[in-house]
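Asks: File follows, data07.cif with mmCIF, C-alpha atoms and all ligand atoms:
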data_upload
#
loop_
_atom_site.label_atom_id
_atom_site.label_comp_id
_atom_site.auth_asym_id
_atom_site.auth_seq_id
_atom_site.Cartn_x
_atom_site.Cartn_y
_atom_site.Cartn_z
CA MET A 18 54.21 -50.04 -1.96
CA LYS A 19 53.50 -50.81 -5.61
CA THR A 20 51.02 -48.34 -7.04
CA GLY A 21 51.13 -49.09 -10.73
CA ILE A 22 52.21 -45.54 -11.55
CA ILE A 23 55.67 -44.99 -12.91
CA ASP A 24 57.43 -41.66 -12.50
CA SER A 25 57.64 -40.84 -16.19
CA ASP A 26 53.82 -41.02 -16.33
CA ALA A 27 53.23 -38.93 -13.29
CA GLU A 28 53.17 -35.46 -14.81
CA LYS A 29 50.66 -36.56 -17.44
CA ILE A 30 47.89 -37.47 -15.00
CA LYS A 31 44.66 -35.58 -15.47
CA VAL A 32 41.55 -36.67 -13.62
CA ASN A 33 38.74 -35.80 -16.02
CA SER A 34 35.68 -37.83 -16.88
CA TRP A 35 32.17 -36.47 -17.34
CA ASN A 36 30.31 -39.32 -18.94
CA GLU A 37 30.60 -42.99 -19.86
CA TRP A 38 31.50 -42.63 -23.55
CA ASP A 39 34.14 -39.99 -24.33
CA PRO A 40 37.55 -41.35 -25.50
CA LEU A 41 39.14 -43.24 -22.61
CA ARG A 42 42.73 -42.29 -21.72
CA ARG A 43 43.30 -43.69 -18.24
CA VAL A 44 41.44 -46.31 -16.21
CA MET A 45 41.73 -48.20 -12.96
CA VAL A 46 41.17 -51.97 -13.08
CA GLY A 47 40.43 -53.95 -9.87
CA ARG A 48 42.03 -57.12 -8.51
CA ALA A 49 40.47 -60.38 -7.32
CA LYS A 50 43.34 -61.51 -5.10
CA GLY A 51 42.60 -61.28 -1.40
CA THR A 52 38.79 -61.13 -1.78
CA MET A 53 36.80 -62.53 1.12
CA VAL A 54 33.42 -64.16 1.46
CA GLN A 55 32.17 -61.51 3.83
CA ALA A 56 31.51 -62.30 7.46
CA PRO A 57 27.87 -61.81 8.51
CA GLU A 58 26.64 -58.25 8.91
CA PRO A 59 23.19 -56.62 8.84
CA ALA A 60 23.43 -55.46 5.21
CA ILE A 61 23.99 -58.80 3.47
CA ILE A 62 23.58 -62.53 3.72
CA ARG A 63 26.03 -64.89 2.06
CA ASP A 64 25.03 -68.55 1.96
CA TRP A 65 26.94 -70.97 -0.25
CA PRO A 66 26.76 -74.33 1.58
CA ASN A 67 27.94 -76.29 -1.47
CA GLU A 68 31.06 -74.15 -1.70
CA GLY A 69 32.02 -74.58 1.94
CA PHE A 70 30.52 -71.25 2.99
CA PRO A 71 27.19 -71.91 4.69
CA LYS A 72 25.39 -68.92 6.17
CA GLY A 73 27.39 -67.38 8.98
CA SER A 74 30.80 -68.56 7.78
CA TYR A 75 33.39 -66.43 6.03
CA GLY A 76 36.89 -66.66 4.61
CA LEU A 77 39.06 -66.22 1.52
CA VAL A 78 37.39 -66.91 -1.83
CA PRO A 79 38.94 -70.17 -3.12
CA ASP A 80 42.20 -69.79 -5.04
CA GLU A 81 40.94 -71.33 -8.27
CA LEU A 82 38.22 -68.67 -8.54
CA VAL A 83 40.69 -65.90 -7.71
CA ASP A 84 43.22 -67.12 -10.28
CA ALA A 85 40.61 -67.40 -13.03
CA ALA A 86 39.31 -63.87 -12.32
CA ASP A 87 42.75 -62.31 -12.08
CA GLU A 88 43.69 -63.90 -15.39
CA GLN A 89 40.68 -62.24 -17.05
CA LEU A 90 41.37 -58.93 -15.32
CA ASP A 91 45.02 -59.04 -16.45
CA ASN A 92 43.89 -59.87 -19.98
CA LEU A 93 41.55 -56.85 -19.96
CA VAL A 94 44.49 -54.70 -18.89
CA LYS A 95 46.55 -55.92 -21.85
CA ILE A 96 43.73 -55.23 -24.30
CA LEU A 97 43.20 -51.72 -22.95
CA GLU A 98 46.92 -50.97 -23.00
CA LYS A 99 47.13 -52.13 -26.61
CA LYS A 100 44.46 -49.57 -27.40
CA GLY A 101 46.61 -46.87 -25.85
CA VAL A 102 44.75 -46.59 -22.54
CA LYS A 103 46.89 -46.16 -19.39
CA VAL A 104 45.90 -48.67 -16.73
CA ASP A 105 46.43 -48.40 -12.97
CA ARG A 106 45.94 -51.25 -10.51
CA PRO A 107 45.11 -50.98 -6.80
CA SER A 108 47.50 -52.18 -4.12
CA ASP A 109 47.40 -55.54 -2.39
CA PHE A 110 45.61 -55.34 0.91
CA ASP A 111 44.86 -57.82 3.69
CA PHE A 112 41.08 -57.99 3.59
CA ALA A 113 41.00 -60.95 5.98
CA GLN A 114 41.58 -58.57 8.87
CA GLU A 115 38.95 -58.01 11.50
CA VAL A 116 37.97 -54.32 11.54
CA SER A 117 36.02 -52.11 13.86
CA THR A 118 34.76 -48.63 14.66
CA PRO A 119 33.47 -47.44 18.04
CA ASP A 120 30.05 -48.86 17.06
CA TRP A 121 30.78 -52.29 15.67
CA ASN A 122 33.20 -55.03 14.97
CA GLN A 123 33.31 -56.87 11.65
CA LYS A 124 35.14 -60.16 11.25
CA SER A 125 36.32 -59.55 7.69
CA MET A 126 36.48 -57.01 4.89
CA PHE A 127 35.66 -57.75 1.24
CA GLY A 128 38.22 -56.98 -1.51
CA CYS A 129 39.72 -54.76 -4.21
CA MET A 130 36.84 -55.31 -6.58
CA PRO A 131 34.87 -53.68 -7.92
CA PRO A 132 36.47 -50.23 -7.79
CA ARG A 133 33.42 -48.70 -9.54
CA ASP A 134 31.42 -49.32 -6.35
CA VAL A 135 33.73 -47.18 -4.24
CA LEU A 136 34.94 -44.35 -6.48
CA ALA A 137 32.88 -41.88 -8.49
CA VAL A 138 34.82 -39.76 -10.96
CA VAL A 139 32.75 -36.70 -11.85
CA GLY A 140 34.70 -34.25 -13.95
CA ASN A 141 37.95 -33.41 -12.17
CA GLU A 142 36.79 -34.91 -8.91
CA ILE A 143 37.31 -38.32 -7.37
CA LEU A 144 34.63 -38.94 -4.76
CA GLU A 145 34.95 -41.81 -2.31
CA ALA A 146 31.45 -43.18 -1.64
CA THR A 147 30.19 -43.81 1.88
CA MET A 148 29.51 -47.50 1.10
CA SER A 149 26.81 -49.18 3.16
CA GLN A 150 28.28 -52.49 4.27
CA ARG A 151 30.54 -52.80 7.26
CA SER A 152 32.81 -55.18 5.36
CA ARG A 153 33.32 -52.43 2.75
CA TRP A 154 33.82 -49.50 5.13
CA HIS A 155 37.61 -49.59 4.78
CA GLU A 156 37.73 -50.55 1.12
CA TYR A 157 38.84 -47.10 -0.05
CA LEU A 158 42.23 -47.88 1.51
CA CYS A 159 43.34 -50.15 -1.33
CA TYR A 160 42.72 -47.30 -3.80
CA ARG A 161 44.33 -44.59 -1.68
CA PRO A 162 47.92 -45.00 -2.96
CA LEU A 163 46.64 -44.42 -6.51
CA ILE A 164 44.43 -41.51 -5.48
CA ILE A 165 47.26 -39.85 -3.61
CA ASN A 166 49.48 -40.20 -6.66
CA TYR A 167 46.83 -38.66 -8.87
CA PHE A 168 46.43 -35.85 -6.37
CA LYS A 169 50.17 -35.18 -6.20
CA ASN A 170 50.50 -35.10 -9.97
CA ASP A 171 47.38 -33.31 -11.10
CA SER A 172 47.14 -29.66 -10.15
CA LYS A 173 43.37 -29.46 -10.78
CA MET A 174 42.10 -32.68 -9.25
CA LYS A 175 39.46 -32.39 -6.54
CA TRP A 176 39.48 -35.18 -3.98
CA GLU A 177 36.48 -35.73 -1.75
CA ALA A 178 35.30 -38.40 0.64
CA ALA A 179 31.59 -38.43 1.46
CA PRO A 180 30.88 -38.37 5.21
CA LYS A 181 32.07 -41.63 6.72
CA PRO A 182 28.93 -43.41 7.91
CA ARG A 183 28.55 -44.93 11.35
CA LEU A 184 26.71 -48.03 10.06
CA SER A 185 25.45 -48.69 13.54
CA ASP A 186 22.39 -50.93 13.96
CA GLU A 187 20.18 -47.86 13.44
CA SER A 188 21.30 -47.69 9.80
CA PHE A 189 19.60 -51.00 9.00
CA ASN A 190 15.99 -52.13 9.17
CA LYS A 191 15.82 -54.97 11.69
CA ASN A 192 15.12 -58.46 10.33
CA PHE A 193 14.74 -56.95 6.87
CA TRP A 194 15.79 -59.98 4.82
CA GLU A 195 13.57 -62.41 6.71
CA LYS A 196 10.54 -60.20 6.14
CA TYR A 197 11.41 -59.23 2.57
CA GLU A 198 11.70 -62.80 1.35
CA LYS A 199 8.14 -63.48 2.52
CA LEU A 200 6.65 -60.65 0.44
CA SER A 201 4.99 -61.12 -2.94
CA ASN A 202 6.79 -59.69 -5.97
CA GLU A 203 4.31 -56.80 -6.13
CA GLU A 204 4.90 -55.99 -2.47
CA LYS A 205 8.65 -56.08 -3.02
CA LEU A 206 8.39 -53.62 -5.90
CA ILE A 207 6.35 -51.18 -3.81
CA LYS A 208 9.19 -51.20 -1.31
CA VAL A 209 11.77 -50.77 -4.07
CA ARG A 210 9.87 -47.78 -5.49
CA GLU A 211 9.73 -46.21 -2.02
CA ASN A 212 13.30 -47.22 -1.22
CA ASP A 213 12.02 -48.84 1.95
CA LEU A 214 14.67 -51.58 1.90
CA ILE A 215 17.51 -52.72 4.16
CA LEU A 216 18.87 -49.21 4.76
CA THR A 217 17.12 -46.71 7.01
CA ASP A 218 17.58 -42.98 6.44
CA GLU A 219 19.59 -42.59 9.62
CA GLU A 220 22.52 -41.17 7.62
CA PRO A 221 23.55 -40.67 3.98
CA LEU A 222 24.62 -43.94 2.37
CA PHE A 223 25.53 -44.68 -1.23
CA ASP A 224 27.72 -46.76 -3.48
CA ALA A 225 29.39 -44.93 -6.36
CA ALA A 226 28.10 -47.55 -8.82
CA ASP A 227 24.56 -46.28 -8.28
CA ILE A 228 25.56 -43.05 -10.04
CA SER A 229 25.41 -42.92 -13.83
CA ARG A 230 27.08 -39.97 -15.56
CA PHE A 231 25.58 -38.25 -18.59
CA GLY A 232 27.54 -34.95 -18.56
CA LYS A 233 25.49 -32.34 -16.69
CA ASP A 234 22.95 -34.98 -15.65
CA LEU A 235 23.68 -37.56 -12.99
CA PHE A 236 21.19 -40.37 -12.38
CA VAL A 237 21.33 -41.93 -8.93
CA GLN A 238 19.59 -45.22 -8.32
CA LEU A 239 17.94 -45.65 -4.91
CA SER A 240 18.76 -49.23 -4.03
CA LEU A 241 19.79 -51.76 -1.40
CA VAL A 242 23.04 -49.81 -0.99
CA THR A 243 21.92 -46.22 -1.69
CA ASN A 244 19.32 -44.46 0.46
CA LYS A 245 17.40 -41.21 0.05
CA LEU A 246 19.81 -39.27 2.24
CA GLY A 247 22.68 -40.61 0.13
CA TYR A 248 20.96 -39.20 -2.94
CA LYS A 249 20.38 -35.88 -1.14
CA TRP A 250 24.05 -35.69 -0.25
CA ILE A 251 25.10 -36.34 -3.87
CA LYS A 252 22.60 -33.76 -5.16
CA ASN A 253 23.77 -31.07 -2.76
CA HIS A 254 27.40 -31.90 -3.42
CA PHE A 255 27.32 -31.66 -7.22
CA LYS A 256 25.85 -28.16 -7.44
CA ASP A 257 26.60 -27.69 -11.15
CA HIS A 258 24.76 -30.86 -12.13
CA ARG A 259 21.15 -31.92 -12.43
CA VAL A 260 20.96 -34.90 -10.12
CA HIS A 261 17.99 -37.26 -10.46
CA ALA A 262 16.86 -40.05 -8.12
CA VAL A 263 15.63 -43.07 -10.06
CA THR A 264 14.26 -46.54 -9.35
CA PHE A 265 13.55 -49.54 -11.53
CA ASP A 266 11.40 -52.66 -11.15
CA ASN A 267 14.22 -54.75 -9.77
CA TYR A 268 13.62 -56.89 -6.67
CA TYR A 269 17.25 -56.59 -5.62
CA PRO A 270 18.47 -53.22 -6.92
CA GLN A 271 22.14 -52.67 -6.42
CA HIS A 272 24.16 -50.52 -8.84
CA ILE A 273 22.65 -48.95 -11.93
CA ASP A 274 25.21 -50.24 -14.44
CA ALA A 275 23.42 -53.44 -15.40
CA THR A 276 20.09 -51.65 -15.73
CA PHE A 277 20.44 -48.29 -17.50
CA VAL A 278 23.67 -47.87 -19.40
CA PRO A 279 24.54 -44.92 -21.65
CA LEU A 280 26.16 -45.88 -24.94
CA LYS A 281 26.71 -42.46 -26.53
CA PRO A 282 24.94 -39.11 -26.64
CA GLY A 283 21.32 -39.84 -27.54
CA MET A 284 21.44 -43.59 -26.91
CA VAL A 285 20.97 -45.56 -23.70
CA LEU A 286 20.75 -49.32 -23.15
CA HIS A 287 17.96 -50.40 -20.81
CA CYS A 288 17.35 -53.76 -19.18
CA GLY A 289 13.75 -54.30 -20.29
CA GLU A 290 13.11 -56.72 -17.42
CA ARG A 291 13.59 -53.79 -15.04
CA THR A 292 10.92 -51.24 -15.96
CA ALA A 293 12.01 -47.65 -15.34
CA ASP A 294 10.15 -44.80 -13.65
CA PRO A 295 7.80 -43.36 -16.32
CA GLU A 296 9.20 -39.95 -15.41
CA LEU A 297 12.71 -41.07 -16.34
CA ILE A 298 11.55 -42.41 -19.69
CA ARG A 299 9.68 -39.16 -20.40
CA TYR A 300 12.81 -37.16 -19.59
CA PHE A 301 14.85 -39.15 -22.09
CA GLU A 302 12.20 -39.17 -24.80
CA LYS A 303 11.59 -35.46 -24.44
CA ASN A 304 15.26 -34.95 -25.19
CA ASP A 305 15.18 -37.29 -28.20
CA TRP A 306 17.20 -40.07 -26.65
CA GLN A 307 16.78 -43.56 -28.05
CA ILE A 308 16.13 -46.11 -25.31
CA ILE A 309 17.38 -49.46 -26.56
CA LYS A 310 16.06 -52.60 -24.87
CA ALA A 311 19.09 -54.78 -24.16
CA GLU A 312 19.19 -58.22 -25.74
CA LYS A 313 18.82 -61.34 -23.62
CA PRO A 314 21.86 -62.37 -21.58
CA SER A 315 23.65 -65.63 -22.33
CA LYS A 316 23.20 -66.88 -18.76
CA THR A 317 20.22 -67.58 -16.56
CA TYR A 318 20.15 -67.31 -12.77
CA LYS A 319 20.75 -71.09 -12.74
CA THR A 320 23.84 -70.97 -14.94
CA LEU A 321 25.68 -68.10 -13.24
CA PRO A 322 29.27 -68.82 -12.17
CA ARG A 323 29.83 -70.37 -8.75
CA MET A 324 29.54 -67.92 -5.86
CA SER A 325 28.31 -65.09 -8.06
CA PHE A 326 25.95 -62.65 -6.41
CA CYS A 327 25.29 -60.72 -9.62
CA SER A 328 22.50 -61.23 -12.12
CA PRO A 329 22.78 -62.49 -15.73
CA TRP A 330 22.39 -58.82 -16.74
CA LEU A 331 26.11 -58.34 -16.34
CA SER A 332 25.72 -58.96 -20.08
CA MET A 333 25.08 -55.20 -20.40
CA ASN A 334 27.76 -54.11 -17.92
CA LEU A 335 29.96 -52.59 -20.62
CA LEU A 336 33.04 -50.43 -20.82
CA SER A 337 33.10 -47.82 -23.60
CA ILE A 338 36.49 -46.93 -25.00
CA ASP A 339 34.88 -44.19 -27.06
CA GLN A 340 31.53 -43.39 -28.66
CA ASN A 341 31.99 -46.12 -31.24
CA THR A 342 34.01 -48.76 -29.39
CA ILE A 343 32.63 -50.88 -26.56
CA VAL A 344 34.19 -53.74 -24.59
CA VAL A 345 31.61 -56.51 -24.06
CA GLU A 346 31.82 -59.96 -22.45
CA GLU A 347 32.68 -62.37 -25.28
CA SER A 348 29.98 -64.99 -24.65
CA GLU A 349 27.19 -62.39 -24.72
CA LYS A 350 26.53 -63.10 -28.38
CA MET A 351 23.10 -61.51 -28.61
CA GLN A 352 24.23 -58.34 -26.86
CA ILE A 353 27.27 -58.16 -29.14
CA GLU A 354 25.15 -58.64 -32.24
CA GLN A 355 22.74 -55.94 -31.12
CA LEU A 356 25.55 -53.42 -30.56
CA ASP A 357 27.13 -54.45 -33.82
CA LYS A 358 23.89 -53.72 -35.69
CA LEU A 359 23.67 -50.36 -33.95
CA GLY A 360 27.01 -49.55 -35.56
CA PHE A 361 29.38 -50.05 -32.61
CA ASN A 362 32.77 -51.62 -32.92
CA VAL A 363 32.61 -54.34 -30.25
CA VAL A 364 35.72 -55.63 -28.49
CA PRO A 365 34.83 -59.06 -27.06
CA VAL A 366 36.65 -59.99 -23.85
CA PRO A 367 36.19 -63.07 -21.61
CA PHE A 368 35.04 -61.80 -18.24
CA TRP A 369 32.43 -64.03 -16.57
CA ASP A 370 35.03 -65.44 -14.14
CA VAL A 371 35.16 -61.98 -12.56
CA ALA A 372 31.45 -62.08 -11.58
CA PRO A 373 32.00 -63.80 -8.20
CA PHE A 374 34.04 -60.74 -7.26
CA GLY A 375 31.14 -58.38 -7.76
CA GLY A 376 30.62 -57.43 -11.35
CA GLY A 377 31.40 -57.15 -15.01
CA LEU A 378 33.49 -54.90 -17.21
CA HIS A 379 32.03 -51.61 -16.01
CA CYS A 380 32.11 -52.58 -12.32
CA ALA A 381 35.71 -53.78 -12.49
CA THR A 382 36.95 -50.47 -13.91
CA VAL A 383 36.87 -46.76 -13.06
CA ASP A 384 37.64 -44.30 -15.80
CA ILE A 385 40.05 -41.71 -14.47
CA GLU A 386 40.53 -39.77 -17.67
CA ARG A 387 38.39 -39.38 -20.72
CA GLU A 388 38.69 -36.59 -23.24
CA GLY A 389 35.93 -33.99 -23.22
CA GLU A 390 34.25 -31.54 -20.92
CA MET A 391 30.92 -31.28 -19.19
CA GLU A 392 28.12 -31.00 -21.73
CA ASP A 393 24.38 -30.72 -21.43
CA TYR A 394 22.71 -33.61 -23.26
CA PHE A 395 19.22 -32.73 -21.96
CA PRO A 396 18.97 -29.03 -22.82
N1 LIG B 401 23.80 -56.03 -8.95
C1 LIG B 401 23.63 -55.86 -10.37
C2 LIG B 401 24.95 -55.77 -11.04
C3 LIG B 401 25.37 -54.42 -11.20
C4 LIG B 401 26.51 -54.29 -12.13
C5 LIG B 401 22.99 -57.04 -10.97
O1 LIG B 401 23.26 -58.12 -10.47
O2 LIG B 401 22.27 -56.91 -11.94
#
So, in terms of structure tokens, how does the structure I just supplied come out?
Replies:
Amino acid sequence: MKTGIIDSDAEKIKVNSWNEWDPLRRVMVGRAKGTMVQAPEPAIIRDWPNEGFPKGSYGLVPDELVDAADEQLDNLVKILEKKGVKVDRPSDFDFAQEVSTPDWNQKSMFGCMPPRDVLAVVGNEILEATMSQRSRWHEYLCYRPLIINYFKNDSKMKWEAAPKPRLSDESFNKNFWEKYEKLSNEEKLIKVRENDLILTDEEPLFDAADISRFGKDLFVQLSLVTNKLGYKWIKNHFKDHRVHAVTFDNYYPQHIDATFVPLKPGMVLHCGERTADPELIRYFEKNDWQIIKAEKPSKTYKTLPRMSFCSPWLSMNLLSIDQNTIVVEESEKMQIEQLDKLGFNVVPVPFWDVAPFGGGLHCATVDIEREGEMEDYFP
């Protein structure tokens, strides 16, 4: 099986990444090939009648979308490699397979994107998230060959998998979507603030992309894919960290990395449309952090790419190469200009074709090694 790791590299592997901004040395980049429009399941509804995928149907994402996304992913790999960053790619996997556990049967899986959803790297540890969709239950498998190689070649790496969830019907609020869509915006936000959404608290559930790393502090967004027990599990697991549960005014919260994005020590980018908990803002201000309101995205909900289930705020889904250098989607002119004025060296990269596969530059990558150690930025 092709793992992307060559022998001469092997002894140099060091899993180590404590935040989102220290100098990047090694990164995983996802793949679009093989991605499925997910078969129906309690957690999500896919409905793209104009694309040949009306509600209830499922199948491979059309080739032309896959090819366009893989071209942009491959281009990102080249750019990162030119900057001296080692890049690893996950293995091919047949996501069209029907999968099951003793509790359920799911007609298809999803894909090898975005790896950020599945894997949290916290210091020397790679943690496989529980995930909260049946179609994503087995997704860790496409990353396993890489993880095993890291583990074999890094004497200090910790490798953990959060408790595999059952995802039985008890894990989901019945008829949630039907009822949610009938609520007013205010009513929706009350539910978001209370994390009374699709997931029950039957068992711990979380996606890794709801965790944002600021050294000793980890911020975990309660969302459509992360429940309170998931947060509790993360908090109890990372004993040396301060782990905070946070919510934002976002009607469909899913993954924190297009909402509250650290740029460097003392500076965080915030999606102004998604108001934060006042307590979170106080915590940052008390520690003299600058909270920068992100500039407007280039897209609107109406002009998103075909079959995208992300928001226009992928404009702020960035990948930092170091404290001064940030990779940003090339058409996000206002976001680029803002970062430029803040003194960052921006590397523009075309990436919107990747959105139908679940995210932007941060989602599509997982930093495996950055220089630096754990530091306390909120002393
Ligand atoms: N689900 C988020 C994307 C997270 C990177 C959003 O659409 O804003």
Asks: Taking all atoms listed in the file into account, report as a PyMOL selection string which residues have an atom no farther than 8 Å from an atom of ligand LIG 401 (chain B).
Replies: chain A and resi 226+269-276+326-331+334+375-377+379-380
Asks: Could you check which of A:Ile338, A:Arg48, A:Pro282, A:Cys129 is closest to A:Asn92, using only C-alpha atoms?
Replies: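 Under the stated criterion, the closest residue is A:Arg48.
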Asks: I need the residue nearest A:Leu235 from this list: A:Tyr157, A:Tyr197, A:Tyr394, A:Phe361. Use all atoms listed in the file for the distance.
Replies: A:Tyr394
Asks: Within 10 Å of stretch 57-75 of chain A, which residues of stretch 310-369 of chain A show up? Give each one with its shortest atom-to-atom distance in Å (one decimal) and the two atoms involved, counting all atoms listed in the file, rows by chain then rising residue number, as a tab-separated table.
Replies:
residue	atom	partner	partner_atom	distance
A:Arg323	CA	A:Glu68	CA	8.1
A:Met324	CA	A:Trp65	CA	6.9
A:Ser325	CA	A:Trp65	CA	9.9
A:Phe326	CA	A:Arg63	CA	8.8
Asks: Please produce an output containing C-alpha atoms for each residue in the selection, written as a tab-separated table (two decimals), in the frame of the given file.
Replies:
chain	number	residue	atom	x	y	z
A	323	ARG	CA	29.83	-70.37	-8.75
A	324	MET	CA	29.54	-67.92	-5.86
A	325	SER	CA	28.31	-65.09	-8.06
A	326	PHE	CA	25.95	-62.65	-6.41
Asks: What does the distance from atom CA of A:Asp357 to atom CA of A:Pro279 come to in Å, to one decimal?
Replies: 15.7 Å
Asks: I'd like the neighbourhood of A:Asp87 as a tab-separated table (two decimals) with C-alpha atoms, in the coordinates of the input, where a residue qualifies if any of its atoms comes within 9 Å (using all atoms listed in the file), though same-chain residues fewer than 4 positions away should be ignored.
Replies:
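Output saved as selection.tsv:
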chain	number	residue	atom	x	y	z
A	47	GLY	CA	40.43	-53.95	-9.87
A	48	ARG	CA	42.03	-57.12	-8.51
A	49	ALA	CA	40.47	-60.38	-7.32
A	50	LYS	CA	43.34	-61.51	-5.10
A	82	LEU	CA	38.22	-68.67	-8.54
A	83	VAL	CA	40.69	-65.90	-7.71
A	91	ASP	CA	45.02	-59.04	-16.45
A	92	ASN	CA	43.89	-59.87	-19.98
A	370	ASP	CA	35.03	-65.44	-14.14
A	371	VAL	CA	35.16	-61.98	-12.56
Asks: So, counting only C-alpha atoms, which residue among A:Ile251, A:Phe236, A:Asp224, A:Lys319 is closest to A:Phe301?
Replies: A:Phe236
